[in-house]
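Q: My structure is below; once you've seen it, I'll send some questions.
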Amino acid sequence: MGIRIWHQSFTVLQDLGAYDAALKAHFQRVARSDTEIVMHGMQPGTYRSNYPGEDIRHAGFQHLHSLQFLAAAVRAEDDGFDAYAISTLPDPGLREIRSLLRIPVVGYGESAMLTSCLLGSRFAVLVFINELTDLITDNARQYGLGERLVGVSDVGFRFTDVLSGFSDPAPLIERFHAAARAQIAAGAEVIIPGEAPLCVLLATHGISSVDGVPVLDSLSCWIKQAELLVDLKRTSGIERCQRGYFHEPPPRDRLREVLGFYQLDRLGQQGS
């Protein structure tokens, strides 16, 4: 029996042709043959340009935009998907979305950090949205991994550089190596390339280590963890905790009422 995963990006995918195509190819290569990853992005017009960073660098804007993730998650479960994947480093709304659904929910950042702990004692994250440094550091603490985080640092180039890198990767990869070596010198034993466009660019060009230190393919991490969680639920009946403030799903009829009151039900019908 196959698995269907709802992938949710923080970008408007149709605005990013090279990245969109690279994601599709990467998902096809990494996922099991019976796993279908259905790609979804933000609604057209969400941002002023094809670059989300100008908005999501602000905590308030990121929270407001994360409502699209919440609405999409409810729709994913309603549409029969087996898992929902927040495919962006900040993991917007991860805990809240898990509390609403019964299907497995994975986050790009959390999956990467958890996997890093299997590969080395301490990890570092390189980002091209420098303002996310505090948020990612706080997320690591929330996941119980603060002591294993060496640091979060600016990789030294920006979103537009990454998009250009899909056609001319060599200069960007050289700069990535330099930034990674700085974190390795500080004690990192695993490097997490922060935002998904950088991750898929490096993975596409076979960058899996720097000087013997693994460079994580964070996209593969959430794919494999989603597959694992679906398998555990199907074969052993194991699923996440259903008790407590952060875990107990609300009554479905009341969830629909609340979504309708805030007009998020309409939001969930768009942006595919």
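Chain lettering (A, B, ...) mirrors the order of the structure tokens, residue numbering begins at 1 for each chain separately, and ligand numbering begins at 1 in order of display.
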Tell me, as a ChimeraX atom specification, which residues lie within 12 Å of range 249-264 of chain A, counting only C-alpha atoms; anything in the same chain fewer than 3 positions away does not count.

A: /A:64-75,77-78,95-103,240-246,267-270

Q: Got a sec to tell me which of range 19-267 of chain A DSSP assigns to strand (DSSP E or B), as a PyMOL selection string?

A: chain A and resi 35-40+83-86+105-107+123-127+149-154+190-193+209-210+213-215

Q: Choose the residue, out of A:Tyr84, A:Phe176, A:Tyr51, A:Phe157, that has the smallest atom-to-atom separation from Pro104 in chain A; count only C-alpha atoms.

A: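 Among A:Tyr84, A:Phe176, A:Tyr51, A:Phe157, it is A:Tyr84 that comes nearest to Pro104 in chain A.
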
Q: May I ask which of the residues A:Gly17, A:Thr115, A:Gly45, A:Ser9 is the closest one to Gln225 in chain A, counting only C-alpha atoms?

A: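 With only C-alpha atoms as the atom set, the closest residue is A:Thr115.
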
Q: May I have the residues within 10 Å of Met39 in chain A as a ChimeraX atom specification, using only C-alpha atoms and disregarding those fewer than 6 positions away in the same chain?

A: /A:5-9,13,20,23-24,27,85,87,272

Q: With distances taken over only C-alpha atoms, which of A:Ile3, A:Ala76, A:Ser218, A:Pro197 is nearest to Leu163 in chain A?

A: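 Between A:Ile3, A:Ala76, A:Ser218, A:Pro197, the residue approaching Leu163 in chain A most closely is A:Pro197.
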
Q: What's around Asp161 in chain A at 10 Å? Count only C-alpha atoms, leave out sequence neighbours fewer than 3 positions away in its own chain, and write the answer as a count of residues only.

A: 12

Q: Which value, in Å to one decimal, gives the distance between CA of Asn130 in chain A and CA of Asp154 in chain A?

A: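 About the pair CA of Asn130 in chain A and CA of Asp154 in chain A: they are 5.4 Å apart.
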
Q: With only C-alpha atoms as the basis for distance, which of A:Asp55, A:Asp82, A:Asp138, A:Glu174 is at the shortest distance from Lys233 in chain A?

A: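 Closest candidate: A:Asp82.
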